[in-house]
Amino acid sequence: MRDFIRLLLLGVMSFLVIGGVIVYSRDGNFSAITTPVYRTLAAYLPPVAGAQGTDTAANSTVLQASAAPAVQPSVPVQHEASGAAYAETADAISYTLTIPRPRADTWVGLAGFPDRTQVRFPLPSGLDAQQGELNLTIRSDIADGGDGRLSVAVNGRPRGEIVLNEGIAEHKIDIAVERGDLLGAYLEVELAANGTTTGGQICPTSAVNSGAAITLAEQSVLTVETASPVEGGDVIVATMQQPFNVHLGETEMEQARAIGLAHYLSRRGIDTVFSEGDRTPALELVPEADEPLTTRDGDVVLAGGAAGLRRIAALRASLPETVGWPAFAADFDVTTTEVDFRGKRHWRLQYDLAALENGMMPERLDVALKTGPLTPGSDWLVHVSLNGHLLESRRLDGQADVERWSVALPSSLQYISNALDIELVDTSSSDDVCEARLSVKAQLLPETRLVIADQQPERGWARLIRTIANAGSVVFEVDSLLNASQAMRATAMLSQFVPARTDMRFGQGDGMDGVRLSVFTVAEFRQVLDFASRVSRSGSGKTGGLWLALPGAAVDDDVLSLHDAGEEDLTPLLDRLGPQDVVVAIWT
């Protein structure tokens, strides 16, 4: 029995010695280890009379002092793509400017693998920027079995990459921006994606890897810290969310100016909406103003005539005011650098007749295409189409370097707005259906261009747009007050055929020579028809030709229909117009 007791005491002493060693190996945090033991034993031991409250309080104090930090609730993963987020210092005062993602009302992103796109955050002039941060929200939708990698570059410098897994996911990317990145007129962000997707359930897609859609969400912003307050018209315009709010006005003159402002911004790629109240921030056109941009009541920007319009465009426009001749592919925001792809690559050149210098129509497309070598015996296949009409298909030598050729553009297939598509197809084949195609390279060279036609059409929209573009100045008037919906329709119609560079003079155009544009409501349309009939019968040389632009019922793919008031019976058009429709009358 004594031997048993000795062995038991020896085991207890060994346990205590080993326990002490463990405690000292963990920074001497004795209470953190003994407390759980104490609480476990306390559950089985009877309470000590008269000491429960004291022990509980003492134990509670020990737990608060020695317990490990609490586990934080799970949060969405933040991908720190480059650098650490900056912090404000107590001895420095800074001001924050938040610039929203441009084209916030349109989709911006990548479709399929590989693909790339870019977006430019505008920076107001005179901005005393100290540092900033890009907060990008990326939404990815990858087909089952697919994955990829998204690379982010700022002003041409790689700043980070994230992995894209299959399924639908949202990624937050925060990128520290240095002062040197904020010296220009804009901050350029480029997104590039590479990866693979599956085709069916057998093997990876062997062509275009199209099962991927990556969106740069409209919540993405650029935050800039400045050493001085950020104020003035430039800052309001640079930070204003699209669509821009335009005050419609309460008189015909004010409404004509508002529609003229919205028309110009629309032609420059800036969306607008009209408000009939005092909604702010907002824009107004004040032709007589001395400065390009001034403010009223702090958040109403007054654009001073043409200079004010061009200043707004310099800050936020995504489209040029006009495209000169010859019109190169890069003028239409077409990628003219090398691209990597599998299977096929597509380029689209979109042009409006009203965007081309002097409203002239092109007669041909000169293509310059540089291609990488294919496997021996394989060719490139090129398709060129205009507004959905196939113009030409040709094969190119798979070992050729640069190919140049011209494609005729028939005037009969050209509308107010046009889309030229160039599709390059790799015809290489493989005996193994599951063998993925190799990535190939190609480049639509910058010298790809539209060439002006020597003979221009003498009727229809082409002639009318050319007449307005070369008119010097145009009188624009609103015949009677419009509501916001009617003003939006009038803006959309004018943006189809009136060039951005048009010098609009606002007011009544009676007795004035040259081109005159008037907007009428449907309620006045019968009077317009009656007036057109009188003009036609009188043959007055002063009034000239009268044309009516109407929504819908267009020929071919044009969104507007054009009618000669002197030759057509316009009465049947009344029945199909709704109460919110408007009619634009054009005197030439």
# chains A, B, ... in the order shown; residues from 1 in each chain; ligands from 1
call {"tool": "residues_around", "arguments": {"residues": "region 442-451 of chain A", "least_positions_apart": "4", "cutoff": "8 Å", "atoms": "only C-alpha atoms", "output": "list of chain:residue names"}}
result
A:Trp325, A:Pro326, A:Ala327, A:Phe328, A:Ala329, A:Ala330, A:Thr335, A:Thr336, A:Thr337, A:Glu338, A:Val339, A:Asp340, A:Pro362, A:Glu363, A:Arg364, A:Leu365, A:Asp366, A:Val367, A:Ala368, A:Leu369, A:Lys370, A:Thr371, A:Gly372
call {"tool": "residues_around", "arguments": {"residues": "Ala153 (chain A)", "least_positions_apart": "2", "cutoff": "6 Å", "atoms": "only C-alpha atoms", "output": "tab-separated table (two decimals) with all heavy atoms, in the first residue's frame"}}
result
chain	number	residue	atom	x	y	z
A	156	GLY	N	-0.59	52.54	-66.98
A	156	GLY	CA	0.34	51.68	-67.70
A	156	GLY	C	1.24	50.84	-66.83
A	156	GLY	O	2.00	50.01	-67.36
A	157	ARG	N	1.18	50.99	-65.51
A	157	ARG	CA	2.05	50.21	-64.62
A	157	ARG	C	1.25	49.12	-63.94
A	157	ARG	O	0.20	49.38	-63.36
A	157	ARG	CB	2.67	51.12	-63.55
A	157	ARG	CG	3.68	52.12	-64.09
A	157	ARG	CD	4.39	52.80	-62.94
A	157	ARG	NE	3.45	53.49	-62.05
A	157	ARG	CZ	3.64	53.66	-60.75
A	157	ARG	NH1	4.71	53.13	-60.18
A	157	ARG	NH2	2.76	54.31	-60.03
A	158	PRO	N	1.73	47.87	-63.97
A	158	PRO	CA	1.03	46.78	-63.28
A	158	PRO	C	0.94	47.07	-61.79
A	158	PRO	O	1.93	47.42	-61.15
A	158	PRO	CB	1.91	45.56	-63.57
A	158	PRO	CG	2.70	45.92	-64.79
A	158	PRO	CD	2.94	47.40	-64.70
A	159	ARG	N	-0.27	46.90	-61.22
A	159	ARG	CA	-0.45	47.19	-59.81
A	159	ARG	C	-1.03	46.03	-59.02
A	159	ARG	O	-1.13	46.12	-57.80
A	159	ARG	CB	-1.36	48.42	-59.64
A	159	ARG	CG	-0.79	49.70	-60.25
A	159	ARG	CD	0.54	50.07	-59.66
A	159	ARG	NE	0.43	50.33	-58.25
A	159	ARG	CZ	0.10	51.51	-57.72
A	159	ARG	NH1	-0.14	52.54	-58.52
A	159	ARG	NH2	0.03	51.67	-56.42
A	189	VAL	N	-7.10	53.31	-65.78
A	189	VAL	CA	-7.09	51.98	-65.18
A	189	VAL	C	-7.35	50.96	-66.28
A	189	VAL	O	-8.33	51.08	-67.03
A	189	VAL	CB	-8.17	51.85	-64.09
A	189	VAL	CG1	-8.17	50.44	-63.51
A	189	VAL	CG2	-7.94	52.87	-62.99
A	190	GLU	N	-6.46	49.98	-66.41
A	190	GLU	CA	-6.62	48.95	-67.43
A	190	GLU	C	-6.83	47.59	-66.75
A	190	GLU	O	-6.11	47.23	-65.83
A	190	GLU	CB	-5.39	48.87	-68.33
A	190	GLU	CG	-5.54	47.84	-69.44
A	190	GLU	CD	-4.32	47.75	-70.34
A	190	GLU	OE1	-3.39	47.01	-69.98
A	190	GLU	OE2	-4.28	48.44	-71.38
call {"tool": "select_by_dssp", "arguments": {"residues": "region 248-338 of chain A", "states": "helix (DSSP H, G or I)", "output": "PyMOL selection string"}}
result
chain A and resi 252-267+305-316+329-332
call {"tool": "atom_distance", "arguments": {"atom1": "CA of Ile465 (chain A)", "atom2": "CA of Leu353 (chain A)"}}
result
7.3 Å
call {"tool": "atom_distance", "arguments": {"atom1": "CA of Leu150 (chain A)", "atom2": "CA of Leu136 (chain A)"}}
result
12.4 Å
call {"tool": "closest_residue", "arguments": {"among": "A:Val286, A:Met493, A:Val273, A:Leu396", "to": "Pro243 (chain A)", "atoms": "only C-alpha atoms"}}
result
A:Val273
